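Colleague: Structure below; questions to follow.
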Amino acid sequence: MAEKQQTFAEAMTALEEIVRQLEQGDVPLENAIDLYKQGMELSQFCHSKLQNAEEQLISIVQETGETTAFDPLKGEN
């Protein structure tokens, strides 16, 4: 059976829930370790999605139609 692709929003919601549970402090150690691992996986997933989005958005189309990466330190020239 094919697994449904998780969206960024779903991953963030799940990550927020994990953080909430861990911050309460009443989670048994074994469960806390599992939650921490899941949280790290979700964090990496979200980071990857954000990086991908940034790479897609931070580009400039030159007058020739050529796309080049935008360097915020150099400006838009």
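Starting from 1 in every chain, residues are counted up; chains themselves are A, B, ... following the order of the structure tokens, and ligands are numbered from 1 as listed.
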Write out, as a Markdown table, each residue of segment 32-60 of chain A that has an atom at most 9 Å from segment 3-16 of chain A, together with the closest pair of atoms and their distance in Å to one decimal, counting only C-alpha atoms, rows going by chain and rising number.

Modeller:
```
| residue | atom | partner | partner_atom | distance |
| --- | --- | --- | --- | --- |
| A:Gln38 | CA | A:Leu15 | CA | 8.1 |
| A:Gly39 | CA | A:Leu15 | CA | 5.6 |
| A:Met40 | CA | A:Leu15 | CA | 8.6 |
| A:Leu42 | CA | A:Ala11 | CA | 5.9 |
| A:Ser43 | CA | A:Leu15 | CA | 7.2 |
| A:Phe45 | CA | A:Ala11 | CA | 7.7 |
| A:Cys46 | CA | A:Phe8 | CA | 6.1 |
| A:Lys49 | CA | A:Phe8 | CA | 6.9 |
| A:Leu50 | CA | A:Phe8 | CA | 8.6 |
```

Colleague: The selected residues should be written to file as a compact mmCIF listing (two decimals), in the first residue's frame (atoms: N, CA and C atoms).

Modeller:
```txt
# COMPACT_ATOMS: atom_id res chain seq x y z
N GLN A 38 10.99 10.81 16.60
CA GLN A 38 9.99 11.24 15.62
C GLN A 38 10.10 12.74 15.37
N GLY A 39 10.33 13.49 16.44
CA GLY A 39 10.47 14.94 16.32
C GLY A 39 11.67 15.32 15.47
N MET A 40 12.78 14.61 15.65
CA MET A 40 13.97 14.89 14.86
C MET A 40 13.73 14.59 13.39
N LEU A 42 10.81 14.67 11.86
CA LEU A 42 9.91 15.71 11.37
C LEU A 42 10.65 17.02 11.16
N SER A 43 11.56 17.33 12.07
CA SER A 43 12.35 18.54 11.96
C SER A 43 13.21 18.51 10.69
N PHE A 45 12.60 16.74 7.99
CA PHE A 45 11.67 16.81 6.87
C PHE A 45 11.27 18.26 6.59
N CYS A 46 10.91 19.00 7.65
CA CYS A 46 10.50 20.40 7.49
C CYS A 46 11.66 21.25 6.99
N LYS A 49 12.08 20.64 3.32
CA LYS A 49 11.02 21.30 2.54
C LYS A 49 11.29 22.79 2.43
N LEU A 50 11.71 23.42 3.54
CA LEU A 50 11.99 24.85 3.52
C LEU A 50 13.19 25.17 2.63
```

Colleague: Quick one: pull the distance between atom CA of Gln21 of chain A and atom CA of Gln44 of chain A, Å, one decimal.

Modeller: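 Here the two named atoms are 19.1 Å from each other.
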